[in-house]
>>> print(open('run.txt').read())   # compact mmCIF, C-alpha atoms
# COMPACT_ATOMS: atom_id res chain seq x y z
CA MET A 107 45.11 -174.63 27.12
CA ASN A 108 47.19 -176.57 24.59
CA GLN A 109 44.93 -179.60 24.89
CA ILE A 110 41.76 -177.51 24.58
CA LEU A 111 43.07 -175.87 21.44
CA MET A 112 44.01 -179.23 19.96
CA ILE A 113 40.49 -180.53 20.64
CA ILE A 114 39.01 -177.45 18.91
CA MET A 115 41.34 -177.94 15.93
CA SER A 116 40.40 -181.63 15.78
CA ALA A 117 36.71 -180.74 15.81
CA GLY A 118 37.37 -178.39 12.91
CA VAL A 119 39.16 -181.17 11.02
CA ILE A 120 36.20 -183.51 11.56
CA LEU A 121 33.65 -180.86 10.56
CA GLY A 122 35.55 -179.84 7.43
CA GLY A 123 36.52 -183.38 6.46
CA ILE A 124 32.98 -184.77 6.70
CA ASP A 125 31.58 -181.84 4.72
CA CYS A 126 34.28 -182.41 2.11
CA LEU A 127 33.11 -186.02 1.77
CA LEU A 128 29.54 -184.74 1.36
CA GLY A 129 30.60 -182.54 -1.54
CA ASN A 130 31.03 -179.30 0.40
CA LYS A 131 27.30 -179.19 1.14
CA PHE A 132 27.66 -176.69 3.99
CA GLY A 133 30.75 -174.78 2.87
CA TYR A 134 33.15 -176.17 5.45
CA GLY A 135 34.73 -178.63 3.03
CA ASN A 136 36.28 -175.83 0.97
CA ARG A 137 37.85 -174.37 4.10
CA PHE A 138 39.18 -177.83 4.98
CA GLU A 139 40.79 -178.22 1.55
CA GLU A 140 42.11 -174.67 1.67
CA GLY A 141 44.31 -175.72 4.59
CA PHE A 142 46.26 -178.01 2.29
CA ARG A 143 46.11 -175.62 -0.64
CA LEU A 144 47.93 -173.10 1.53
CA LEU A 145 50.86 -175.48 2.02
CA GLY A 146 52.49 -174.34 -1.23
CA PRO A 147 52.35 -170.57 -0.57
CA THR A 148 53.32 -171.17 3.07
CA ALA A 149 56.37 -173.20 2.05
CA LEU A 150 57.43 -170.59 -0.52
CA SER A 151 57.28 -167.82 2.09
CA MET A 152 59.02 -169.77 4.87
CA VAL A 153 61.32 -172.59 3.84
CA GLY A 154 64.08 -170.53 2.23
CA MET A 155 64.40 -168.24 5.25
CA ILE A 156 64.31 -171.12 7.71
CA CYS A 157 67.16 -172.78 5.80
CA LEU A 158 69.18 -169.55 5.66
CA ALA A 159 68.62 -168.53 9.30
CA PRO A 160 71.78 -170.18 10.74
CA VAL A 161 73.94 -168.54 8.07
CA LEU A 162 72.33 -165.13 8.60
CA ALA A 163 72.77 -165.48 12.35
CA ASN A 164 76.48 -166.21 11.87
CA VAL A 165 76.97 -163.17 9.62
CA LEU A 166 74.74 -160.73 11.49
CA GLY A 167 75.91 -161.99 14.85
CA ARG A 168 79.32 -160.40 14.33
CA ILE A 169 77.66 -156.99 14.16
CA ILE A 170 74.44 -157.35 16.11
CA VAL A 171 75.68 -159.32 19.13
CA PRO A 172 78.23 -156.71 20.33
CA LEU A 173 75.83 -153.84 19.62
CA TYR A 174 72.92 -155.36 21.51
CA GLN A 175 75.10 -156.61 24.36
CA ALA A 176 76.47 -153.09 24.77
CA ILE A 177 72.99 -151.93 25.79
CA GLY A 178 72.22 -155.10 27.73
CA VAL A 179 69.70 -156.49 25.24
CA ASP A 180 69.81 -160.09 24.04
CA PRO A 181 70.69 -160.22 20.30
CA ALA A 182 67.72 -162.57 19.86
CA MET A 183 65.51 -159.49 19.82
CA PHE A 184 67.00 -158.58 16.44
CA GLY A 185 65.31 -161.65 14.98
CA SER A 186 61.92 -160.12 15.69
CA ILE A 187 62.27 -157.78 12.70
CA LEU A 188 61.10 -160.77 10.62
CA ALA A 189 57.70 -162.45 10.88
CA ILE A 190 57.47 -165.58 12.99
CA ASP A 191 56.87 -167.73 9.90
CA MET A 192 59.37 -165.89 7.67
CA GLY A 193 62.53 -166.75 9.58
CA GLY A 194 62.04 -164.57 12.66
CA TYR A 195 61.90 -167.52 15.04
CA GLN A 196 64.95 -169.25 13.58
CA LEU A 197 66.99 -166.05 13.50
CA ALA A 198 66.06 -165.16 17.08
CA LYS A 199 66.94 -168.64 18.35
CA ALA A 200 70.24 -168.66 16.47
CA LEU A 201 71.28 -165.25 17.85
CA ALA A 202 70.01 -165.84 21.40
CA VAL A 203 72.32 -165.72 24.37
CA ASP A 204 69.46 -166.59 26.72
CA SER A 205 67.26 -169.31 25.19
CA LYS A 206 64.20 -168.07 27.10
CA ILE A 207 64.51 -164.63 25.51
CA GLY A 208 65.16 -166.30 22.16
CA ASP A 209 61.85 -168.16 22.46
CA TYR A 210 60.01 -164.97 23.40
CA ALA A 211 61.55 -162.89 20.62
CA GLY A 212 61.03 -165.58 17.98
CA ILE A 213 57.44 -166.42 18.90
CA VAL A 214 55.70 -163.44 20.52
CA VAL A 215 57.58 -160.40 19.21
CA SER A 216 58.06 -161.78 15.70
CA ALA A 217 54.36 -162.62 15.51
CA VAL A 218 53.47 -158.99 16.24
CA PHE A 219 56.19 -156.55 15.25
CA GLY A 220 57.99 -158.64 12.63
CA CYS A 221 54.76 -159.65 10.91
CA THR A 222 53.59 -156.04 10.79
CA LEU A 223 56.91 -154.83 9.40
CA VAL A 224 57.48 -157.32 6.58
CA PHE A 225 53.95 -158.50 5.78
CA THR A 226 50.91 -156.57 6.99
CA ILE A 227 52.03 -153.07 5.95
CA PRO A 228 53.52 -153.80 2.49
CA VAL A 229 50.87 -156.35 1.49
CA GLY A 230 48.01 -154.26 2.85
CA MET A 231 49.14 -151.10 1.09
CA GLY A 232 49.46 -153.08 -2.11
CA ILE A 233 45.90 -154.48 -1.99
CA ILE A 234 43.82 -151.79 -0.29
CA PRO A 235 42.40 -149.14 -2.66
CA GLN A 236 44.20 -145.79 -2.66
CA GLU A 237 41.26 -143.93 -1.10
CA ASP A 238 41.19 -146.31 1.89
CA ARG A 239 44.91 -146.32 2.67
CA LYS A 240 44.67 -143.30 4.99
CA PHE A 241 42.31 -145.28 7.25
CA PHE A 242 44.59 -148.31 7.13
CA ALA A 243 47.64 -146.15 7.95
CA ARG A 244 45.85 -144.60 10.93
CA GLY A 245 44.90 -148.09 12.09
CA ILE A 246 48.49 -149.31 11.84
CA ILE A 247 49.69 -146.30 13.84
CA LEU A 248 47.17 -147.00 16.61
CA GLY A 249 48.01 -150.72 16.50
CA LEU A 250 51.69 -149.93 16.99
CA ALA A 251 50.80 -147.58 19.84
CA ALA A 252 48.96 -150.44 21.57
CA MET A 253 51.64 -153.03 20.71
CA PRO A 254 53.58 -152.69 24.02
CA VAL A 255 50.53 -154.02 25.91
CA GLY A 256 50.63 -157.24 23.91
CA LEU A 257 54.41 -157.61 24.05
CA LEU A 258 54.52 -157.08 27.81
CA THR A 259 51.63 -159.52 28.37
CA GLY A 260 53.32 -162.13 26.20
CA GLY A 261 56.64 -161.56 27.92
CA LEU A 262 55.21 -162.05 31.40
CA LEU A 263 53.54 -165.29 30.28
CA SER A 264 56.85 -166.38 28.73
CA GLY A 265 58.46 -166.28 32.16
CA LEU A 266 60.16 -162.88 31.92
CA SER A 267 59.87 -160.20 34.59
CA LEU A 268 58.27 -156.85 33.81
CA SER A 269 61.64 -155.08 33.91
CA GLU A 270 63.13 -157.70 31.57
CA CYS A 271 60.24 -157.26 29.13
CA VAL A 272 60.66 -153.51 29.03
CA HIS A 273 64.44 -153.61 28.74
CA GLN A 274 64.61 -156.36 26.11
CA ASN A 275 62.00 -154.60 23.98
CA LEU A 276 63.82 -151.25 23.93
CA PRO A 277 65.09 -151.70 20.33
CA VAL A 278 61.61 -152.81 19.22
CA PHE A 279 59.93 -149.87 20.93
CA VAL A 280 62.43 -147.42 19.40
CA ALA A 281 61.92 -148.97 15.96
CA ALA A 282 58.14 -148.82 16.43
CA LEU A 283 58.38 -145.15 17.45
CA LEU A 284 60.36 -144.36 14.30
CA LEU A 285 57.84 -146.34 12.29
CA LEU A 286 54.97 -144.40 13.88
CA THR A 287 56.64 -141.11 13.06
CA GLY A 288 57.35 -142.13 9.48
CA LEU A 289 53.82 -143.37 8.84
CA TRP A 290 52.46 -140.19 10.40
CA LYS A 291 54.64 -137.70 8.55
CA LYS A 292 55.61 -139.48 5.31
CA PRO A 293 53.15 -142.33 4.75
CA ASP A 294 53.69 -142.70 1.00
CA GLN A 295 57.47 -142.83 1.26
CA MET A 296 57.29 -145.28 4.16
CA VAL A 297 55.00 -147.59 2.23
CA LYS A 298 57.38 -147.57 -0.74
CA GLY A 299 60.23 -148.41 1.61
CA PHE A 300 58.30 -151.32 3.11
CA CYS A 301 57.50 -152.64 -0.36
CA VAL A 302 61.21 -152.57 -1.23
CA LEU A 303 62.02 -154.33 2.03
CA ALA A 304 59.40 -157.01 1.39
CA ALA A 305 60.72 -157.53 -2.16
CA GLY A 306 64.26 -157.90 -0.84
CA ILE A 307 63.18 -160.46 1.73
CA ARG A 308 61.34 -162.38 -1.00
CA VAL A 309 64.54 -162.52 -3.08
CA LEU A 310 66.51 -163.75 -0.08
CA ILE A 311 63.91 -166.43 0.68
CA THR A 312 63.97 -167.66 -2.92
CA ILE A 313 67.77 -167.86 -2.96
CA GLY A 314 67.67 -169.86 0.25
CA LEU A 315 65.08 -172.21 -1.22
CA ILE A 316 67.19 -172.76 -4.35
CA LEU A 317 70.34 -173.52 -2.38
CA ALA A 318 68.54 -175.84 0.03
CA ALA A 319 66.80 -177.73 -2.78
CA VAL A 320 70.06 -178.20 -4.72
CA ARG A 321 71.73 -179.54 -1.59
CA SER A 322 68.86 -181.97 -1.02
CA LEU A 323 68.85 -183.19 -4.64
CA CYS A 324 72.57 -183.34 -5.42
CA GLY A 325 74.32 -183.09 -2.07
CA TRP A 326 76.12 -179.91 -3.15
CA GLN A 327 76.59 -177.74 -0.05
CA ILE A 328 77.10 -174.40 -1.78
CA LEU A 329 76.53 -172.41 1.42
CA PRO A 330 77.72 -174.33 4.52
CA GLY A 331 75.66 -174.18 7.69
CA MET A 332 72.18 -174.08 6.16
CA THR A 333 69.30 -175.99 7.75
CA PRO A 334 68.31 -179.03 5.61
CA ILE A 335 65.18 -178.39 3.57
CA GLU A 336 63.59 -181.55 4.99
CA ASP A 337 63.68 -180.04 8.50
CA ALA A 338 62.07 -176.83 7.26
CA MET A 339 59.33 -178.78 5.47
CA LYS A 340 58.44 -180.55 8.72
CA ILE A 341 57.55 -177.19 10.25
CA VAL A 342 55.43 -176.24 7.22
CA SER A 343 53.65 -179.60 7.30
CA SER A 344 52.76 -179.11 10.96
CA ILE A 345 51.25 -175.73 10.13
CA GLY A 346 49.22 -177.32 7.33
CA VAL A 347 47.73 -179.85 9.75
CA VAL A 348 46.62 -177.05 12.07
CA LEU A 349 45.10 -175.14 9.15
CA LEU A 350 42.99 -178.19 8.28
CA GLY A 351 41.12 -177.63 11.54
CA SER A 352 41.50 -173.91 12.20
CA LEU A 353 39.95 -172.73 8.93
CA PRO A 354 36.69 -174.72 9.26
CA ALA A 355 36.52 -173.76 12.95
CA ALA A 356 36.93 -170.07 12.09
CA GLU A 357 34.20 -170.35 9.45
CA PHE A 358 31.86 -171.93 12.00
CA LEU A 359 32.62 -169.14 14.47
CA ARG A 360 32.01 -166.48 11.81
CA ARG A 361 28.54 -167.86 11.05
CA LEU A 362 27.72 -168.30 14.72
CA LEU A 363 28.54 -164.66 15.45
CA ASN A 364 26.80 -163.13 12.45
CA LYS A 365 23.74 -161.83 14.33
CA PRO A 366 25.64 -160.80 17.48
CA PHE A 367 28.08 -158.89 15.24
CA THR A 368 25.17 -156.99 13.72
CA ARG A 369 23.96 -155.92 17.18
CA LEU A 370 27.48 -155.20 18.46
CA GLY A 371 28.31 -153.20 15.35
CA ALA A 372 25.28 -151.00 15.94
CA LYS A 373 26.39 -150.29 19.52
CA LEU A 374 29.97 -149.51 18.46
CA SER A 375 28.83 -147.49 15.44
CA ILE A 376 30.73 -149.65 12.96
CA SER A 377 29.44 -151.96 10.26
CA PRO A 378 29.12 -155.71 10.91
CA GLN A 379 31.43 -156.22 7.90
CA SER A 380 34.17 -154.51 9.91
CA LEU A 381 33.71 -156.93 12.80
CA THR A 382 33.65 -159.85 10.37
CA GLY A 383 36.91 -158.57 8.89
CA MET A 384 38.57 -158.58 12.30
CA LEU A 385 37.39 -162.14 12.90
CA LEU A 386 38.79 -163.20 9.53
CA GLY A 387 42.01 -161.42 10.47
CA LEU A 388 42.55 -164.03 13.16
CA VAL A 389 43.06 -166.47 10.28
CA SER A 390 44.74 -164.24 7.69
CA ALA A 391 45.14 -160.55 6.95
CA VAL A 392 44.59 -160.96 3.21
CA PRO A 393 40.77 -161.49 3.33
CA VAL A 394 40.52 -158.37 5.51
CA PHE A 395 42.20 -156.27 2.84
CA SER A 396 39.70 -157.46 0.25
CA LEU A 397 36.80 -156.47 2.55
CA TYR A 398 37.96 -152.88 3.03
CA GLN A 399 35.67 -151.57 0.30
CA ASP A 400 32.65 -152.89 2.24
CA MET A 401 33.62 -151.35 5.59
CA ASP A 402 32.75 -147.95 6.98
CA ALA A 403 35.55 -145.46 7.72
CA ARG A 404 35.54 -146.13 11.47
CA GLY A 405 35.68 -149.88 10.88
CA LYS A 406 38.54 -149.56 8.38
CA THR A 407 40.68 -147.84 10.99
CA ALA A 408 39.74 -150.39 13.68
CA ALA A 409 40.49 -153.32 11.35
CA GLY A 410 43.92 -151.94 10.52
CA ALA A 411 44.69 -151.45 14.21
CA PHE A 412 43.51 -154.96 15.02
CA LEU A 413 45.79 -156.57 12.43
CA VAL A 414 49.02 -155.31 14.02
CA SER A 415 48.71 -157.80 16.87
CA GLY A 416 45.76 -159.99 15.91
CA THR A 417 46.59 -161.23 12.42
CA SER A 418 46.98 -164.99 11.83
CA LEU A 419 46.49 -165.80 15.52
CA LEU A 420 44.24 -168.80 14.80
CA ALA A 421 46.09 -170.01 11.70
CA ALA A 422 49.74 -169.74 10.66
CA HIS A 423 51.07 -168.29 13.93
CA LEU A 424 49.14 -170.78 16.02
CA GLY A 425 50.30 -173.66 13.84
CA PHE A 426 53.90 -172.51 13.86
CA THR A 427 53.98 -172.20 17.64
CA ILE A 428 52.42 -175.62 18.11
CA SER A 429 55.09 -177.14 15.88
CA THR A 430 58.04 -175.36 17.52
CA GLU A 431 57.30 -174.04 21.04
CA PRO A 432 53.92 -175.37 22.23
CA GLY A 433 54.69 -174.23 25.76
CA LEU A 434 54.47 -170.62 24.57
CA LEU A 435 50.92 -170.92 23.23
CA PRO A 436 49.41 -169.00 26.20
CA ALA A 437 52.00 -166.23 25.72
CA LEU A 438 51.31 -166.00 22.00
CA ILE A 439 47.52 -166.08 22.27
CA CYS A 440 47.17 -163.72 25.24
CA GLY A 441 49.85 -161.35 23.99
CA LYS A 442 48.41 -161.00 20.50
CA PHE A 443 44.81 -160.83 21.74
CA CYS A 444 45.52 -158.18 24.40
CA GLY A 445 47.45 -156.06 21.92
CA ALA A 446 44.69 -156.37 19.31
CA LEU A 447 41.93 -155.54 21.82
CA CYS A 448 43.73 -152.43 23.08
CA ALA A 449 44.37 -151.34 19.49
CA VAL A 450 40.68 -151.59 18.60
CA ILE A 451 39.71 -149.62 21.71
CA LEU A 452 42.14 -146.86 20.71
CA ALA A 453 40.80 -146.87 17.16
CA LEU A 454 37.19 -146.60 18.28
CA TYR A 455 37.56 -144.01 21.01
CA LEU A 456 40.60 -141.85 20.17
CA PRO A 457 39.49 -138.54 18.60
CA GLU A 458 39.63 -138.58 14.80
CA LYS A 459 41.57 -135.31 14.74
CA THR A 460 44.74 -137.34 15.41
CA SER A 461 44.53 -139.02 12.00
CA PRO A 462 47.52 -138.64 9.66
CA SER A 463 47.36 -136.17 6.83
>>> encode(input="run.txt", output="structure tokens")
Amino acid sequence: MNQILMIIMSAGVILGGIDCLLGNKFGYGNRFEEGFRLLGPTALSMVGMICLAPVLANVLGRIIVPLYQAIGVDPAMFGSILAIDMGGYQLAKALAVDSKIGDYAGIVVSAVFGCTLVFTIPVGMGIIPQEDRKFFARGIILGLAAMPVGLLTGGLLSGLSLSECVHQNLPVFVAALLLLTGLWKKPDQMVKGFCVLAAGIRVLITIGLILAAVRSLCGWQILPGMTPIEDAMKIVSSIGVVLLGSLPAAEFLRRLLNKPFTRLGAKLSISPQSLTGMLLGLVSAVPVFSLYQDMDARGKTAAGAFLVSGTSLLAAHLGFTISTEPGLLPALICGKFCGALCAVILALYLPEKTSPS
């Protein structure tokens, strides 16, 4: 599977690169260049946390390790409260007692639960128009309800047993249940809380970036134990290379499926724009948020549900996994896809009367 994916990414690089040389005649060249243009924002959102992860693990480990070990859960699972590309992987690996569980928590769980917690919800609620947020909130609730399917699938493909998957995910499932309840009963207050959390994480990331850059430039180790900024930039660069191919490939797939999406949308009673939004969600959640105004109500809910597990599968999360744990690509892809598929099925066929007020 790894080799097949690399061939697809390489084909995307060739397609986008040639079109770039032709002056973006077919529209793939812009997507090719966008891969590199995303390096800056990607680095700003990742590098500081990657550098700080060992220090955070040392501090949090004194509290988290005994607490998690008391219930028989590997402390690595605590790292999954952050997105995979916002320090979740590094924190999970640094806290892990069992390296296999550390890999699973940092790749699969962080790419689903952590990403939803610190990125999809606060960013989505900030971009989506007020009148559409109720559909997005319902979608997130249904996506979280379907999340165990993806996490268990990814866990089994990571080499864990079913009982291990269930037991290790207990804190995540409890947190998700609380999140479901909060979004259901107090959606506005929960969104404000997530925005505060996201802002706090952004401050922490920036501080980490400052300290790591000063150390690189002057050799002043203000906070001992931090990962060198050069090591963090290697991970970001690897993601950028994957984006060079994945973005043109996703654009090709979007055009190829335009007519089938129109027919499929008619059968599912949702607009083709909603299906296009889900496809774009495999690259990034942000374009999906901007499309919400063009979707029908049913599609808005389905798109929100899809993003819980499906977001960034073919872009940042894929690139990050390739650069850190390529052996877990099947677990990441199958776990996120199964979770996203189940979420969409729930969104399309669960009675609307269950929507939040």
>>> residues_around(input="run.txt", residues="Thr417 of chain A", least_positions_apart="4", cutoff="12 Å", atoms="only C-alpha atoms", output="PDB file with C-alpha atoms, in the coordinates of the input")
ATOM      1  CA  ALA A 189      57.700-162.450  10.880  1.00  0.00           C
ATOM      2  CA  ILE A 190      57.470-165.580  12.990  1.00  0.00           C
ATOM      3  CA  SER A 216      58.060-161.780  15.700  1.00  0.00           C
ATOM      4  CA  ALA A 217      54.360-162.620  15.510  1.00  0.00           C
ATOM      5  CA  VAL A 218      53.470-158.990  16.240  1.00  0.00           C
ATOM      6  CA  PHE A 219      56.190-156.550  15.250  1.00  0.00           C
ATOM      7  CA  GLY A 220      57.990-158.640  12.630  1.00  0.00           C
ATOM      8  CA  CYS A 221      54.760-159.650  10.910  1.00  0.00           C
ATOM      9  CA  THR A 222      53.590-156.040  10.790  1.00  0.00           C
ATOM     10  CA  PHE A 225      53.950-158.500   5.780  1.00  0.00           C
ATOM     11  CA  THR A 226      50.910-156.570   6.990  1.00  0.00           C
ATOM     12  CA  ILE A 227      52.030-153.070   5.950  1.00  0.00           C
ATOM     13  CA  GLY A 230      48.010-154.260   2.850  1.00  0.00           C
ATOM     14  CA  GLY A 249      48.010-150.720  16.500  1.00  0.00           C
ATOM     15  CA  GLY A 383      36.910-158.570   8.890  1.00  0.00           C
ATOM     16  CA  MET A 384      38.570-158.580  12.300  1.00  0.00           C
ATOM     17  CA  LEU A 385      37.390-162.140  12.900  1.00  0.00           C
ATOM     18  CA  LEU A 386      38.790-163.200   9.530  1.00  0.00           C
ATOM     19  CA  GLY A 387      42.010-161.420  10.470  1.00  0.00           C
ATOM     20  CA  LEU A 388      42.550-164.030  13.160  1.00  0.00           C
ATOM     21  CA  VAL A 389      43.060-166.470  10.280  1.00  0.00           C
ATOM     22  CA  SER A 390      44.740-164.240   7.690  1.00  0.00           C
ATOM     23  CA  ALA A 391      45.140-160.550   6.950  1.00  0.00           C
ATOM     24  CA  VAL A 392      44.590-160.960   3.210  1.00  0.00           C
ATOM     25  CA  PRO A 393      40.770-161.490   3.330  1.00  0.00           C
ATOM     26  CA  VAL A 394      40.520-158.370   5.510  1.00  0.00           C
ATOM     27  CA  PHE A 395      42.200-156.270   2.840  1.00  0.00           C
ATOM     28  CA  ALA A 409      40.490-153.320  11.350  1.00  0.00           C
ATOM     29  CA  GLY A 410      43.920-151.940  10.520  1.00  0.00           C
ATOM     30  CA  ALA A 411      44.690-151.450  14.210  1.00  0.00           C
ATOM     31  CA  PHE A 412      43.510-154.960  15.020  1.00  0.00           C
ATOM     32  CA  LEU A 413      45.790-156.570  12.430  1.00  0.00           C
ATOM     33  CA  ALA A 421      46.090-170.010  11.700  1.00  0.00           C
ATOM     34  CA  ALA A 422      49.740-169.740  10.660  1.00  0.00           C
ATOM     35  CA  HIS A 423      51.070-168.290  13.930  1.00  0.00           C
ATOM     36  CA  LEU A 424      49.140-170.780  16.020  1.00  0.00           C
ATOM     37  CA  LEU A 438      51.310-166.000  22.000  1.00  0.00           C
ATOM     38  CA  ILE A 439      47.520-166.080  22.270  1.00  0.00           C
ATOM     39  CA  LYS A 442      48.410-161.000  20.500  1.00  0.00           C
ATOM     40  CA  PHE A 443      44.810-160.830  21.740  1.00  0.00           C
ATOM     41  CA  GLY A 445      47.450-156.060  21.920  1.00  0.00           C
ATOM     42  CA  ALA A 446      44.690-156.370  19.310  1.00  0.00           C
ATOM     43  CA  LEU A 447      41.930-155.540  21.820  1.00  0.00           C
TER      44      LEU A 447
END
>>> closest_residue(input="run.txt", among="A:Val347, A:Ala403, A:Leu456, A:Ile234", to="Leu145 of chain A", atoms="all atoms listed in the file")
A:Val347
>>> axis_aligned_box(input="run.txt", around="segment 274-291 of chain A", padding_each_side="6 Å", output="lines of an AutoDock Vina configuration file")
center_x = 58.8
center_y = -147.0
center_z = 17.3
size_x = 24.6
size_y = 30.7
size_z = 29.6
>>> atom_distance(input="run.txt", atom1="atom CA of Lys406 of chain A", atom2="atom CA of Ile213 of chain A")
27.4 Å
>>> residues_around(input="run.txt", residues="Val302 of chain A", least_positions_apart="2", cutoff="12 Å", atoms="only C-alpha atoms", output="number ranges by chain")
A: 223-225, 227-229, 232, 295-300, 304-309
>>> residues_around(input="run.txt", residues="Arg404 of chain A", least_positions_apart="4", cutoff="10 Å", atoms="all atoms listed in the file", output="PyMOL selection string")
chain A and resi 241+245+374-377+380+408-409+453-455+458
>>> residues_around(input="run.txt", residues="Ala252 of chain A", least_positions_apart="2", cutoff="8 Å", atoms="all atoms listed in the file", output="PyMOL selection string")
chain A and resi 248-250+254-256+445-446+448-449+452
>>> residues_around(input="run.txt", residues="segment 277-293 of chain A", least_positions_apart="6", cutoff="10 Å", atoms="all atoms listed in the file", output="PyMOL selection string")
chain A and resi 174+177+179+183-184+186-187+215+219-220+223+239-240+243-244+246-251+253-254+257+299+460-463
>>> decode(input="run.txt", residues="segment 124-145 of chain A", atoms="N, CA and C atoms", output="compact mmCIF listing (two decimals), in the first residue's frame")
# COMPACT_ATOMS: atom_id res chain seq x y z
N ILE A 124 4.34 19.60 -14.47
CA ILE A 124 4.31 19.87 -15.91
C ILE A 124 3.33 21.00 -16.22
N ASP A 125 2.15 20.97 -15.56
CA ASP A 125 1.18 22.04 -15.80
C ASP A 125 1.71 23.38 -15.30
N CYS A 126 2.50 23.35 -14.25
CA CYS A 126 3.12 24.58 -13.75
C CYS A 126 4.07 25.16 -14.79
N LEU A 127 4.84 24.28 -15.44
CA LEU A 127 5.75 24.72 -16.49
C LEU A 127 4.99 25.28 -17.70
N LEU A 128 3.77 24.77 -17.91
CA LEU A 128 2.95 25.23 -19.04
C LEU A 128 2.16 26.49 -18.70
N GLY A 129 2.40 27.05 -17.52
CA GLY A 129 1.69 28.25 -17.13
C GLY A 129 0.34 28.00 -16.50
N ASN A 130 0.19 26.86 -15.83
CA ASN A 130 -1.07 26.50 -15.17
C ASN A 130 -2.23 26.46 -16.17
N LYS A 131 -1.98 25.85 -17.32
CA LYS A 131 -2.97 25.80 -18.39
C LYS A 131 -4.21 25.01 -18.00
N PHE A 132 -4.04 23.98 -17.17
CA PHE A 132 -5.16 23.10 -16.82
C PHE A 132 -5.57 23.23 -15.35
N GLY A 133 -4.92 24.08 -14.61
CA GLY A 133 -5.31 24.31 -13.23
C GLY A 133 -4.63 23.43 -12.20
N TYR A 134 -3.80 22.50 -12.66
CA TYR A 134 -3.09 21.64 -11.72
C TYR A 134 -1.83 22.29 -11.19
N GLY A 135 -1.27 23.22 -11.95
CA GLY A 135 -0.05 23.89 -11.54
C GLY A 135 -0.23 24.69 -10.26
N ASN A 136 -1.38 25.34 -10.12
CA ASN A 136 -1.65 26.09 -8.89
C ASN A 136 -1.70 25.18 -7.68
N ARG A 137 -2.31 24.02 -7.85
CA ARG A 137 -2.37 23.05 -6.75
C ARG A 137 -0.99 22.54 -6.39
N PHE A 138 -0.14 22.37 -7.41
CA PHE A 138 1.25 21.95 -7.20
C PHE A 138 1.99 23.00 -6.37
N GLU A 139 1.87 24.27 -6.76
CA GLU A 139 2.55 25.34 -6.04
C GLU A 139 1.98 25.54 -4.65
N GLU A 140 0.69 25.26 -4.51
CA GLU A 140 0.05 25.42 -3.20
C GLU A 140 0.69 24.50 -2.17
N GLY A 141 1.18 23.34 -2.61
CA GLY A 141 1.85 22.43 -1.70
C GLY A 141 3.01 23.09 -0.98
N PHE A 142 3.81 23.86 -1.73
CA PHE A 142 4.92 24.57 -1.11
C PHE A 142 4.46 25.81 -0.36
N ARG A 143 3.41 26.45 -0.87
CA ARG A 143 2.91 27.64 -0.17
C ARG A 143 2.36 27.29 1.22
N LEU A 144 1.95 26.05 1.38
CA LEU A 144 1.43 25.61 2.67
C LEU A 144 2.53 25.28 3.67
N LEU A 145 3.79 25.27 3.23
CA LEU A 145 4.89 24.96 4.14
C LEU A 145 4.96 25.95 5.29
